[in-house]
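A.B. asks: Structure file query19.txt, compact mmCIF, C-alpha atoms, is pasted below:
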# COMPACT_ATOMS: atom_id res chain seq x y z
CA MET A 393 -14.76 6.94 -14.92
CA SER A 394 -13.52 9.73 -12.65
CA ALA A 395 -10.69 9.03 -10.23
CA SER A 396 -10.40 12.31 -8.35
CA PRO A 397 -7.57 12.52 -5.80
CA LEU A 398 -10.11 13.47 -3.14
CA ARG A 399 -12.19 10.36 -3.82
CA GLN A 400 -9.04 8.22 -3.79
CA MET A 401 -7.83 9.73 -0.54
CA ARG A 402 -11.18 9.24 1.14
CA ALA A 403 -11.24 5.61 -0.05
CA LEU A 404 -7.72 4.94 1.30
CA LEU A 405 -8.55 6.57 4.63
CA VAL A 406 -11.80 4.63 5.00
CA LYS A 407 -9.86 1.46 4.18
CA ASP A 408 -7.27 2.19 6.88
CA LEU A 409 -9.95 2.90 9.47
CA ARG A 410 -11.95 -0.20 8.52
CA LEU A 411 -8.82 -2.34 8.84
CA GLU A 412 -8.05 -0.79 12.22
CA LEU A 413 -11.60 -1.27 13.47
CA ARG A 414 -11.51 -4.91 12.40
CA THR A 415 -8.00 -5.86 13.55
CA ARG A 416 -7.33 -3.26 16.29
CA GLU A 417 -3.64 -3.81 15.66
CA THR A 418 -2.30 -0.25 15.54
CA ALA A 419 -4.16 2.22 17.77
CA VAL A 420 -4.76 -0.33 20.54
CA ALA A 421 -1.11 -1.43 20.56
CA MET A 422 -0.02 2.22 20.56
CA GLY A 423 -2.39 3.02 23.42
CA LEU A 424 -1.18 0.12 25.56
CA PHE A 425 2.44 0.98 24.81
CA ALA A 426 1.87 4.62 25.82
CA LEU A 427 0.09 3.61 29.04
CA VAL A 428 2.92 1.25 29.99
CA GLY A 429 5.44 3.99 29.15
CA MET A 430 3.61 6.43 31.43
CA MET A 431 3.54 3.89 34.24
CA ILE A 432 7.29 3.30 33.89
CA PHE A 433 7.90 7.05 34.14
CA GLN A 434 5.53 7.24 37.09
CA PHE A 435 7.54 4.58 38.98
CA ALA A 436 10.90 5.97 37.85
CA ILE A 437 10.21 9.67 38.47
CA GLY A 438 6.72 10.29 39.84
CA THR A 439 7.23 8.26 42.99
CA ARG A 440 10.65 9.80 43.70
CA THR A 441 9.75 13.46 43.65
CA ASP A 442 7.16 15.59 45.38
CA ASP A 443 6.39 17.54 42.25
CA ALA A 444 7.05 16.05 38.79
CA THR A 445 5.44 19.04 37.03
CA PRO A 446 8.73 20.35 35.56
CA PHE A 447 9.29 16.95 33.90
CA ALA A 448 5.74 16.45 32.64
CA GLY A 449 6.24 17.86 29.14
CA GLY A 450 9.36 15.77 28.58
CA ILE A 451 7.74 12.61 29.95
CA ILE A 452 4.62 13.02 27.83
CA TRP A 453 6.50 13.66 24.58
CA ALA A 454 9.23 11.08 25.09
CA THR A 455 6.48 8.49 25.57
CA LEU A 456 4.44 9.77 22.63
CA ALA A 457 7.49 9.85 20.32
CA LEU A 458 8.22 6.19 21.05
CA THR A 459 4.52 5.40 20.62
CA ALA A 460 4.59 7.16 17.27
CA VAL A 461 7.51 4.97 16.17
CA LEU A 462 5.33 1.95 16.93
CA GLY A 463 2.46 3.39 14.87
CA VAL A 464 4.66 4.43 11.94
CA GLY A 465 6.22 0.95 12.00
CA ARG A 466 2.76 -0.53 11.37
CA THR A 467 2.40 1.62 8.23
CA TRP A 468 2.27 -0.56 5.09
CA VAL A 469 2.23 -3.74 7.19
CA PRO A 470 -1.17 -5.01 5.89
CA GLU A 471 -0.05 -4.18 2.34
CA ARG A 472 3.20 -6.13 2.77
CA GLU A 473 1.77 -9.08 4.71
CA GLN A 474 -1.30 -9.47 2.49
CA ARG A 475 0.66 -8.59 -0.68
CA VAL A 476 -1.71 -5.80 -1.70
CA LEU A 477 0.99 -3.26 -2.43
CA ASP A 478 1.22 -4.28 -6.10
CA ALA A 479 -2.51 -3.70 -6.54
CA LEU A 480 -2.26 -0.23 -4.98
CA LEU A 481 0.78 0.69 -7.06
CA THR A 482 -0.84 -0.40 -10.34
CA ALA A 483 -3.91 1.70 -9.55
CA PRO A 484 -3.89 5.24 -10.99
CA VAL A 485 -3.34 6.82 -7.58
CA PRO A 486 -0.84 9.68 -7.30
CA ARG A 487 1.82 8.61 -4.80
CA LEU A 488 1.24 11.85 -2.92
CA VAL A 489 -2.36 10.81 -2.30
CA LEU A 490 -1.11 7.52 -0.83
CA MET A 491 1.16 9.46 1.50
CA LEU A 492 -1.46 11.99 2.53
CA ALA A 493 -3.95 9.25 3.36
CA ARG A 494 -1.28 7.51 5.42
CA SER A 495 -0.43 10.75 7.23
CA VAL A 496 -4.06 11.50 8.07
CA ALA A 497 -4.54 7.95 9.39
CA LEU A 498 -1.43 8.32 11.56
CA VAL A 499 -2.67 11.65 12.94
CA LEU A 500 -6.00 10.01 13.84
CA TYR A 501 -4.26 7.08 15.59
CA LEU A 502 -1.99 9.45 17.52
CA LEU A 503 -4.89 11.69 18.56
CA THR A 504 -6.89 8.65 19.69
CA VAL A 505 -4.02 7.59 21.92
CA GLN A 506 -3.48 11.11 23.23
CA VAL A 507 -7.14 11.54 24.20
CA VAL A 508 -6.52 8.84 26.81
CA VAL A 509 -2.84 9.24 27.62
CA VAL A 510 -2.39 13.00 27.93
CA PRO A 511 -5.10 13.58 30.58
CA MET A 512 -3.74 10.55 32.43
CA ALA A 513 -0.21 11.96 32.31
CA ILE A 514 -1.46 15.29 33.61
CA VAL A 515 -3.14 13.52 36.54
CA PHE A 516 0.07 11.53 37.23
CA PHE A 517 2.65 14.25 36.87
CA VAL A 518 1.14 17.75 37.01
CA ARG A 519 0.21 19.54 40.16
CA ASP A 520 -2.66 22.04 39.96
CA ALA A 521 -3.39 21.73 36.25
CA ALA A 522 -6.28 23.88 35.04
CA PHE A 523 -8.96 22.45 32.76
CA SER A 524 -8.28 25.21 30.22
CA ASP A 525 -4.67 23.99 29.91
CA LEU A 526 -5.96 20.87 28.18
CA GLY A 527 -7.12 22.94 25.21
CA LEU A 528 -3.66 24.46 24.75
CA VAL A 529 -2.03 21.02 25.06
CA ALA A 530 -4.49 19.72 22.45
CA VAL A 531 -3.21 22.35 19.99
CA VAL A 532 0.35 21.11 20.62
CA CYS A 533 -0.78 17.53 20.07
CA VAL A 534 -2.40 18.33 16.72
CA LEU A 535 0.63 20.29 15.44
CA ALA A 536 3.17 17.73 16.66
CA ASP A 537 1.07 14.83 15.32
CA VAL A 538 0.88 16.39 11.86
CA ALA A 539 4.67 16.91 11.88
CA ILE A 540 5.37 13.34 13.07
CA ALA A 541 2.84 11.85 10.65
CA VAL A 542 4.26 13.61 7.59
CA VAL A 543 7.84 12.56 8.39
CA GLY A 544 6.70 9.10 9.48
CA ALA A 545 4.66 8.41 6.35
CA LEU A 546 7.55 9.57 4.16
CA LEU A 547 10.16 7.44 5.94
CA ALA A 548 7.86 4.41 6.21
CA SER A 549 7.27 4.59 2.46
CA MET A 550 10.99 4.98 1.77
CA SER A 551 11.75 1.86 3.79
CA VAL A 552 8.82 -0.24 2.58
CA PHE A 553 10.95 -2.14 0.04
CA SER A 554 13.91 -2.44 2.41
CA ARG A 555 14.70 -5.81 3.91
CA ALA A 556 15.81 -4.32 7.25
CA ARG A 557 12.82 -1.95 7.50
CA GLU A 558 11.99 -2.85 11.16
CA LEU A 559 15.50 -1.72 12.08
CA LEU A 560 15.83 1.09 9.57
CA LEU A 561 12.60 2.91 10.37
CA PRO A 562 13.22 3.73 14.07
CA VAL A 563 16.84 4.58 13.28
CA LEU A 564 15.69 7.11 10.68
CA LEU A 565 12.52 8.31 12.37
CA LEU A 566 13.65 9.04 15.92
CA PRO A 567 16.44 11.49 15.00
CA SER A 568 14.10 13.15 12.48
CA ILE A 569 11.45 13.88 15.10
CA ILE A 570 13.81 15.08 17.84
CA PRO A 571 13.04 18.74 16.95
CA VAL A 572 9.32 17.94 17.21
CA VAL A 573 9.76 16.30 20.62
CA ILE A 574 11.83 19.24 21.90
CA ALA A 575 9.31 21.81 20.67
CA ALA A 576 6.25 19.86 21.79
CA ALA A 577 7.77 19.20 25.22
CA GLY A 578 8.72 22.89 25.47
CA ALA A 579 5.22 24.04 24.53
CA THR A 580 3.61 21.57 26.93
CA HIS A 581 5.94 22.66 29.73
CA ALA A 582 5.16 26.29 28.96
CA VAL A 583 1.46 25.54 29.59
CA LEU A 584 1.64 23.02 32.42
CA GLY A 585 4.80 24.20 34.16
CA PRO A 586 4.96 26.79 36.91
CA GLY A 587 3.84 30.19 35.58
CA ASN A 588 2.05 30.12 32.23
CA ALA A 589 4.63 31.23 29.63
CA LEU A 590 2.29 31.83 26.71
CA ASP A 591 4.86 33.70 24.59
CA GLU A 592 7.13 30.70 24.79
CA TYR A 593 4.19 28.38 24.07
CA TRP A 594 3.28 30.16 20.84
CA ARG A 595 6.92 30.27 19.68
CA TYR A 596 7.11 26.48 20.01
CA CYS A 597 3.76 26.10 18.25
CA VAL A 598 4.96 28.20 15.33
CA PHE A 599 8.10 26.05 15.15
CA LEU A 600 5.95 22.88 15.03
CA GLY A 601 3.83 24.38 12.28
CA VAL A 602 6.87 25.40 10.25
CA TYR A 603 8.43 21.95 10.71
CA ALA A 604 5.23 20.28 9.44
CA VAL A 605 5.04 22.62 6.44
CA VAL A 606 8.75 22.15 5.53
CA PHE A 607 8.53 18.36 5.70
CA GLY A 608 5.19 18.50 3.91
CA LEU A 609 6.91 20.32 1.05
CA VAL A 610 9.80 17.81 1.07
CA ALA A 611 7.25 14.99 0.89
CA PHE A 612 5.36 16.80 -1.89
CA ALA A 613 8.57 17.15 -3.91
CA THR A 614 9.84 13.61 -3.38
CA PHE A 615 6.98 11.27 -2.70
CA ASP A 616 6.05 10.61 -6.31
CA HIS A 617 9.46 8.98 -6.69
CA VAL A 618 9.63 7.27 -3.29
CA LEU A 619 7.19 4.46 -4.02
CA ASP A 620 8.13 4.14 -7.66
CA ASP A 621 10.81 1.67 -8.48
CA MET B 1453 16.62 -4.35 -20.10
CA ARG B 1454 16.35 -4.72 -16.33
CA ALA B 1455 19.18 -5.87 -14.07
CA PHE B 1456 19.34 -6.76 -10.38
CA GLY B 1457 22.77 -6.41 -8.82
CA GLY B 1458 24.56 -6.84 -12.13
CA ARG B 1459 22.47 -9.82 -13.26
CA ARG B 1460 20.29 -9.05 -16.25
CA ALA B 1461 16.83 -10.42 -15.42
CA VAL B 1462 15.34 -9.18 -18.69
CA ASP B 1463 17.59 -8.40 -21.60
CA GLY B 1464 16.75 -7.22 -25.10
CA VAL B 1465 13.09 -8.20 -25.12
CA ASP B 1466 11.21 -6.44 -27.90
CA LEU B 1467 7.46 -6.92 -27.63
CA GLU B 1468 4.42 -5.51 -29.36
CA LEU B 1469 0.86 -6.65 -28.71
CA ALA B 1470 -2.00 -5.60 -30.94
CA PRO B 1471 -5.49 -4.99 -29.44
CA GLY B 1472 -7.47 -8.20 -29.11
CA ARG B 1473 -4.36 -10.40 -28.92
CA ARG B 1474 -3.40 -12.65 -26.02
CA LEU B 1475 0.20 -13.52 -25.33
CA SER B 1476 1.45 -16.32 -23.09
CA VAL B 1477 4.94 -16.04 -21.67
CA VAL B 1478 6.60 -19.33 -20.73
CA GLY B 1479 10.06 -20.33 -19.63
CA PRO B 1480 11.93 -22.09 -16.84
CA ASN B 1481 12.32 -20.58 -13.38
CA GLY B 1482 14.58 -17.53 -13.42
CA ALA B 1483 13.95 -16.87 -17.11
CA GLY B 1484 12.79 -13.31 -16.38
CA LYS B 1485 9.07 -13.85 -17.02
CA SER B 1486 7.83 -12.23 -13.82
CA THR B 1487 10.28 -9.32 -14.17
CA LEU B 1488 9.01 -8.73 -17.69
CA LEU B 1489 5.46 -8.79 -16.39
CA ARG B 1490 6.24 -6.37 -13.55
CA ILE B 1491 7.73 -3.98 -16.12
CA LEU B 1492 4.54 -4.28 -18.20
CA ALA B 1493 2.46 -3.64 -15.07
CA THR B 1494 4.48 -0.42 -14.42
CA LEU B 1495 5.72 -1.89 -11.12
CA LEU B 1496 9.34 -1.85 -12.34
CA ARG B 1497 11.08 0.58 -14.63
CA PRO B 1498 13.38 -0.85 -17.27
CA ASP B 1499 17.03 0.18 -16.83
CA ALA B 1500 17.22 0.62 -20.59
CA GLY B 1501 14.52 0.65 -23.23
CA THR B 1502 11.02 2.05 -23.26
CA LEU B 1503 7.50 0.90 -22.50
CA GLU B 1504 4.39 2.24 -24.17
CA LEU B 1505 0.95 1.12 -22.99
CA ALA B 1506 -2.33 2.12 -24.62
CA GLY B 1507 -0.53 5.03 -26.30
CA HIS B 1508 1.10 6.31 -23.09
CA ASP B 1509 4.85 6.58 -22.61
CA CYS B 1510 5.31 4.80 -19.27
CA ASP B 1511 8.76 6.23 -18.63
CA HIS B 1512 7.20 9.61 -17.97
CA HIS B 1513 3.46 9.01 -17.73
CA ALA B 1514 2.95 5.60 -16.15
CA GLN B 1515 0.11 7.11 -14.15
CA ARG B 1516 -1.87 7.77 -17.33
CA ALA B 1517 -1.47 4.19 -18.52
CA ARG B 1518 -2.53 2.57 -15.24
CA PRO B 1519 -6.32 2.92 -15.71
CA SER B 1520 -5.93 0.70 -18.80
CA LEU B 1521 -4.18 -2.04 -16.82
CA GLY B 1522 -5.48 -4.96 -14.82
CA TYR B 1523 -2.81 -6.82 -12.85
CA LEU B 1524 -3.20 -10.14 -11.07
CA GLY B 1525 -0.36 -12.13 -9.55
CA HIS B 1526 -0.11 -15.49 -7.75
CA ASP B 1527 -1.97 -13.79 -4.91
CA PRO B 1528 -5.38 -12.11 -5.21
CA LEU B 1529 -3.93 -8.72 -4.14
CA VAL B 1530 -6.87 -7.84 -1.92
CA TYR B 1531 -7.10 -7.00 1.80
CA LEU B 1532 -7.89 -10.17 3.70
CA ASP B 1533 -9.43 -8.27 6.62
CA LEU B 1534 -11.86 -6.33 4.45
CA THR B 1535 -15.02 -7.88 3.05
CA ALA B 1536 -15.33 -8.69 -0.66
CA TRP B 1537 -17.61 -5.67 -1.08
CA GLN B 1538 -15.27 -3.32 0.81
CA ASN B 1539 -12.32 -4.45 -1.31
CA LEU B 1540 -14.17 -3.78 -4.56
CA GLU B 1541 -15.44 -0.47 -3.23
CA LEU B 1542 -11.85 0.55 -2.44
CA PHE B 1543 -10.42 -0.41 -5.82
CA GLY B 1544 -13.45 0.99 -7.61
CA ASP B 1545 -12.83 4.34 -5.93
CA LEU B 1546 -9.10 4.22 -6.71
CA PHE B 1547 -9.82 3.56 -10.40
CA GLY B 1548 -12.68 6.07 -10.48
CA VAL B 1549 -15.34 3.49 -11.41
CA ASP B 1550 -18.81 5.00 -11.57
CA ASP B 1551 -22.01 3.39 -10.31
CA LEU B 1552 -20.25 1.09 -7.86
CA ARG B 1553 -23.53 0.17 -6.20
CA ASN B 1554 -24.46 -1.81 -9.33
CA ARG B 1555 -20.99 -2.69 -10.62
CA ILE B 1556 -19.87 -4.44 -7.43
CA PRO B 1557 -22.74 -6.98 -7.32
CA ASP B 1558 -22.19 -7.64 -11.04
CA ALA B 1559 -18.47 -8.27 -10.54
CA LEU B 1560 -19.09 -10.51 -7.53
CA SER B 1561 -21.82 -12.52 -9.21
CA ARG B 1562 -19.55 -13.11 -12.25
CA VAL B 1563 -17.11 -14.89 -9.95
CA GLY B 1564 -19.80 -16.61 -7.87
CA LEU B 1565 -19.09 -14.66 -4.70
CA LEU B 1566 -22.21 -12.51 -4.38
CA PRO B 1567 -23.58 -14.56 -1.44
CA ARG B 1568 -20.29 -13.90 0.39
CA ALA B 1569 -20.15 -10.18 -0.45
CA HIS B 1570 -20.11 -9.09 3.17
CA ASP B 1571 -17.71 -11.71 4.52
CA PRO B 1572 -14.04 -10.86 5.13
CA VAL B 1573 -11.80 -12.30 2.41
CA ARG B 1574 -9.81 -13.99 5.22
CA THR B 1575 -12.71 -16.44 5.62
CA PHE B 1576 -12.50 -17.47 1.93
CA SER B 1577 -10.73 -20.55 0.62
CA ARG B 1578 -7.59 -20.00 -1.50
CA GLY B 1579 -9.57 -20.49 -4.70
CA MET B 1580 -12.34 -18.15 -3.60
CA ALA B 1581 -9.78 -15.48 -2.71
CA GLN B 1582 -8.23 -15.83 -6.16
CA ARG B 1583 -11.70 -15.46 -7.70
CA MET B 1584 -12.02 -12.31 -5.59
CA GLY B 1585 -8.79 -11.17 -7.26
CA ILE B 1586 -10.42 -11.74 -10.66
CA ALA B 1587 -13.39 -9.60 -9.61
CA ARG B 1588 -10.98 -6.82 -8.58
CA LEU B 1589 -9.09 -7.22 -11.84
CA THR B 1590 -12.11 -6.70 -14.07
CA LEU B 1591 -14.06 -4.12 -12.06
CA HIS B 1592 -12.56 -1.13 -13.88
CA ASP B 1593 -12.78 -2.68 -17.35
CA PRO B 1594 -9.07 -2.66 -18.23
CA VAL B 1595 -7.77 -2.69 -21.80
CA LEU B 1596 -4.81 -4.93 -21.00
CA LEU B 1597 -4.70 -7.78 -18.49
CA VAL B 1598 -1.29 -8.55 -17.04
CA LEU B 1599 -1.44 -11.93 -15.33
CA ASP B 1600 1.37 -13.63 -13.42
CA GLU B 1601 0.49 -17.32 -12.96
CA PRO B 1602 -3.14 -16.42 -12.30
CA TYR B 1603 -4.31 -20.04 -12.10
CA THR B 1604 -2.43 -20.56 -8.82
CA GLY B 1605 -4.90 -21.85 -6.24
CA LEU B 1606 -7.90 -21.86 -8.57
CA ASP B 1607 -10.16 -24.90 -8.56
CA ALA B 1608 -11.64 -26.28 -11.80
CA GLN B 1609 -14.59 -23.90 -11.62
CA GLY B 1610 -12.35 -20.89 -11.00
CA ALA B 1611 -10.00 -21.95 -13.80
CA ARG B 1612 -12.96 -22.22 -16.21
CA LEU B 1613 -14.04 -18.76 -15.12
CA LEU B 1614 -10.62 -17.31 -15.91
CA ASP B 1615 -10.48 -19.18 -19.23
CA GLY B 1616 -13.82 -17.62 -20.17
CA LEU B 1617 -12.68 -14.21 -19.04
CA LEU B 1618 -9.57 -14.38 -21.21
CA GLU B 1619 -11.58 -15.49 -24.24
CA GLY B 1620 -14.21 -12.79 -23.72
CA PHE B 1621 -11.51 -10.22 -23.22
CA ALA B 1622 -9.83 -10.87 -26.54
CA SER B 1623 -13.12 -10.92 -28.45
CA GLY B 1624 -13.85 -7.49 -26.94
CA GLY B 1625 -10.72 -6.14 -28.64
CA ARG B 1626 -8.65 -6.04 -25.48
CA GLY B 1627 -5.33 -7.71 -24.82
CA ALA B 1628 -3.78 -9.99 -22.23
CA VAL B 1629 -0.27 -11.04 -21.32
CA MET B 1630 -0.04 -14.08 -19.09
CA VAL B 1631 2.89 -15.84 -17.49
CA THR B 1632 2.21 -19.51 -16.92
CA HIS B 1633 4.02 -22.78 -16.37
CA GLU B 1634 1.19 -24.76 -17.95
CA LEU B 1635 2.24 -25.21 -21.55
CA GLY B 1636 -1.15 -26.61 -22.63
CA ARG B 1637 -2.97 -23.59 -21.27
CA ALA B 1638 -0.34 -21.27 -22.76
CA VAL B 1639 -1.13 -22.62 -26.22
CA ASP B 1640 -4.89 -23.05 -25.82
CA LEU B 1641 -5.66 -19.64 -24.36
CA ALA B 1642 -3.29 -17.36 -26.23
CA ASP B 1643 -2.83 -16.20 -29.79
CA GLU B 1644 0.94 -16.13 -29.40
CA VAL B 1645 3.50 -17.71 -27.10
CA LEU B 1646 6.76 -16.08 -26.06
CA VAL B 1647 9.47 -18.41 -24.75
CA MET B 1648 12.04 -16.87 -22.42
CA ARG B 1649 15.34 -18.21 -21.18
CA ALA B 1650 17.98 -16.42 -19.11
CA GLY B 1651 16.23 -13.07 -19.52
CA ARG B 1652 16.00 -13.28 -23.30
CA ALA B 1653 13.12 -14.01 -25.65
CA VAL B 1654 14.27 -17.12 -27.48
CA ASP B 1655 11.11 -17.78 -29.49
CA ARG B 1656 7.79 -16.18 -30.34
CA CYS B 1657 5.23 -18.14 -32.26
CA ASP B 1658 1.60 -18.02 -33.31
CA THR B 1659 -0.60 -20.64 -31.68
CA ALA B 1660 -3.08 -20.94 -34.58
CA GLY B 1661 -3.19 -24.62 -35.54
CA MET B 1662 -0.45 -25.43 -33.05
CA ASP B 1663 -0.53 -28.74 -31.25
CA ALA B 1664 0.19 -28.48 -27.52
CA ALA B 1665 2.33 -31.66 -27.56
CA ALA B 1666 4.40 -30.37 -30.47
CA PHE B 1667 4.89 -27.08 -28.66
CA ALA B 1668 5.98 -28.92 -25.51
CA ALA B 1669 8.67 -30.73 -27.50
CA ARG B 1670 9.82 -27.44 -29.05
CA TYR B 1671 9.86 -25.81 -25.61
CA GLN B 1672 12.05 -28.60 -24.22
CA GLU B 1673 14.50 -28.04 -27.05
CA LEU B 1674 14.59 -24.27 -26.60
CA THR B 1675 15.03 -24.29 -22.85
CA ALA B 1676 17.32 -27.32 -22.47
Represent the supplied structure as structure tokens.

C.D. replies:
Amino acid sequence: MSASPLRQMRALLVKDLRLELRTRETAVAMGLFALVGMMIFQFAIGTRTDDATPFAGGIIWATLALTAVLGVGRTWVPEREQRVLDALLTAPVPRLVLMLARSVALVLYLLTVQVVVVPMAIVFFVRDAAFSDLGLVAVVCVLADVAIAVVGALLASMSVFSRARELLLPVLLLPSIIPVVIAAAGATHAVLGPGNALDEYWRYCVFLGVYAVVFGLVAFATFDHVLDD
Amino acid sequence: MRAFGGRRAVDGVDLELAPGRRLSVVGPNGAGKSTLLRILATLLRPDAGTLELAGHDCDHHAQRARPSLGYLGHDPLVYLDLTAWQNLELFGDLFGVDDLRNRIPDALSRVGLLPRAHDPVRTFSRGMAQRMGIARLTLHDPVLLVLDEPYTGLDAQGARLLDGLLEGFASGGRGAVMVTHELGRAVDLADEVLVMRAGRAVDRCDTAGMDAAAFAARYQELTA
């Protein structure tokens, strides 16, 4: 028998994607939530100003941060509801592998939502956006998603045994990802806002990368103990 | 010892199980049976004391002991929205089982679920789902079975299947620890019975030549 971490991670990821394809409970709910959020911003801001471009970055990332909370909140739900957690925890899977698989699944859910929501937000809120800007925004999405997913998977796992987890998770997660929202909104604004400020864009991107690496290291150092009793 | 909020759920239990031996753990509700089992399954750490499984010190190397373990609770511990095959594929990969393409049909046919291999477990009856749990439990060929009231929800056929599994397991030199409320089964299927009350082991006896009715009387006395 050979239980390599790579094989285990692939199995966990395939499981998450199979569950999502069958139940459509996470990505679809996140997508609908993000669309409704965008529409609310459109009515609240878009219809009251001639040019919402300066607010676009903030609107996009405020919506996506709340959407991410919804997605992170669904983490471990099938395991808890279907009581599979004990089976996973008695399997010889390093806890870090469990977290990495969760993080990758979260990144995929977030990217799926963003593929629909970000272009829509640009149409709603940005005047004269260039097609090439989408590529730069995609880089921001990937970096911010990795950062959110690492923190989200860590906090979701910390609160999995908590009785008040539905309350605890947003209370812990939202303040933790404020730096990500600020940087991602800043980078998006630097691309979509008036006058492309590429220096500023790259500074924010580096910050997002550093944030993801730092929290990745924190997760690496702590996760083995998080899911253990 | 393991305490929850100052209450000692398991206290001073000293247990050793030789290969090929089966142990039943019985006791009234709240006796600490399930907590003891969760410690044995490496799901809980004892607050004091040590646990060694298959030669591995679980305080520091629980991960190394886990491939030797098979754990089944009241629930089958499988994903209801995955098919039987997908569940076994997942747990086979997690335990590093080789040749899954042949092992999965074998495991499913042992529990009579091969014709339903590609149906989601959610469409199974309670007993079928529990049989699915048995297939998951045995797929990686564990050395020690840790079973918490595994007969819950099983029909007569499923119960016979589990009986046979436990007997075959012991004859193969492997061990089993089972919590049950059925005293007859505890005596018939195990080599030893451990009686717990208020977190403590109050009796441990060999079942060889033991009469189930006599044990029931003794149990009443011990747990009164």

A.B. asks: Skip Leu1646 (chain B) itself and residues of its chain fewer than 5 positions away, then list as JSON, numbers by chain all residues within 10 Å of it, counting only C-alpha atoms.

C.D. replies: {"B": [1467, 1475, 1476, 1477, 1478, 1479, 1485, 1629, 1630, 1631, 1638, 1653, 1654, 1655, 1656, 1657, 1658]}

A.B. asks: Please produce a file of the residues just selected, as a PDB file, keeping the file's coordinate frame, where the atoms kept are C-alpha atoms.

C.D. replies:
ATOM      1  CA  LEU B1467       7.460  -6.920 -27.630  1.00  0.00           C
ATOM      2  CA  LEU B1475       0.200 -13.520 -25.330  1.00  0.00           C
ATOM      3  CA  SER B1476       1.450 -16.320 -23.090  1.00  0.00           C
ATOM      4  CA  VAL B1477       4.940 -16.040 -21.670  1.00  0.00           C
ATOM      5  CA  VAL B1478       6.600 -19.330 -20.730  1.00  0.00           C
ATOM      6  CA  GLY B1479      10.060 -20.330 -19.630  1.00  0.00           C
ATOM      7  CA  LYS B1485       9.070 -13.850 -17.020  1.00  0.00           C
ATOM      8  CA  VAL B1629      -0.270 -11.040 -21.320  1.00  0.00           C
ATOM      9  CA  MET B1630      -0.040 -14.080 -19.090  1.00  0.00           C
ATOM     10  CA  VAL B1631       2.890 -15.840 -17.490  1.00  0.00           C
ATOM     11  CA  ALA B1638      -0.340 -21.270 -22.760  1.00  0.00           C
ATOM     12  CA  ALA B1653      13.120 -14.010 -25.650  1.00  0.00           C
ATOM     13  CA  VAL B1654      14.270 -17.120 -27.480  1.00  0.00           C
ATOM     14  CA  ASP B1655      11.110 -17.780 -29.490  1.00  0.00           C
ATOM     15  CA  ARG B1656       7.790 -16.180 -30.340  1.00  0.00           C
ATOM     16  CA  CYS B1657       5.230 -18.140 -32.260  1.00  0.00           C
ATOM     17  CA  ASP B1658       1.600 -18.020 -33.310  1.00  0.00           C
TER      18      ASP B1658
END

A.B. asks: Using only C-alpha atoms, find the residues of chain A whose closest atom to chain B is at most 12 Å away, then write them as number ranges by chain.

C.D. replies: A: 393-417, 468-487, 489-490, 616-617, 619-621

A.B. asks: Check the smallest atom-to-atom distance from each of B:Pro1594, B:Pro1567, B:Gly1579, B:Pro1480 to Gly1625 (chain B) using all atoms listed in the file, then report the winner.

C.D. replies: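 With all atoms listed in the file as the atom set, the closest residue is B:Pro1594.
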
A.B. asks: Using Å and a single decimal, report how far CA of Arg494 (chain A) sits from CA of Arg466 (chain A).

C.D. replies: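 So the two atoms, CA of Arg466 (chain A) and CA of Arg494 (chain A), lie 10.8 Å apart.
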
A.B. asks: Quick one, how far is CA of Pro446 (chain A) from CA of Ala582 (chain A)?

C.D. replies: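 CA of Pro446 (chain A) sits 9.6 Å away from CA of Ala582 (chain A).
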
A.B. asks: Any idea what the distance is between CA of Asp1463 (chain B) and CA of Gly1627 (chain B)?

C.D. replies: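 Separation between CA of Asp1463 (chain B) and CA of Gly1627 (chain B): 23.2 Å.
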
A.B. asks: Excluding Gly527 (chain A) and its own-chain neighbours fewer than 2 positions away, which residues fall within 12 Å of it when counting all atoms listed in the file? Please give them as a ChimeraX atom specification.

C.D. replies: /A:507,510-511,521-525,529-534,580,583-584

A.B. asks: Taking 6 positions as the minimum chain separation for residues in the same chain, which residues sit within 9 Å of Val1465 (chain B) when counting all atoms listed in the file? Answer as a VMD selection string.

C.D. replies: chain B and resid 1453 1488 1651 to 1653

A.B. asks: For the residues in that selection, give me C-alpha atoms as an mmCIF file, in the frame of the given file.

C.D. replies:
data_model
loop_
_atom_site.group_PDB
_atom_site.id
_atom_site.type_symbol
_atom_site.label_atom_id
_atom_site.label_comp_id
_atom_site.auth_asym_id
_atom_site.auth_seq_id
_atom_site.Cartn_x
_atom_site.Cartn_y
_atom_site.Cartn_z
ATOM 1 C CA MET B 1453 16.620 -4.350 -20.100
ATOM 2 C CA LEU B 1488 9.010 -8.730 -17.690
ATOM 3 C CA GLY B 1651 16.230 -13.070 -19.520
ATOM 4 C CA ARG B 1652 16.000 -13.280 -23.300
ATOM 5 C CA ALA B 1653 13.120 -14.010 -25.650
#

A.B. asks: Considering all atoms listed in the file, return as a ChimeraX atom specification whatever protein or nucleic-acid residues lie within 12 Å of Phe447 (chain A), sequence-local ones (same chain, fewer than 4 positions apart) excluded.

C.D. replies: /A:433-434,436-438,441-443,451-454,513-514,516-519,577-578,580-582,584-586

A.B. asks: Anything within 7 Å of (7.7, 3.8, 14.9): list those residues as a list in words, counting only C-alpha atoms and sticking to the file's coordinates.

C.D. replies: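 The distance filter leaves exactly Leu458, Thr459, Ala460, Val461, Leu462, Gly463, Val464, Gly465, Leu561 and Pro562 of chain A.
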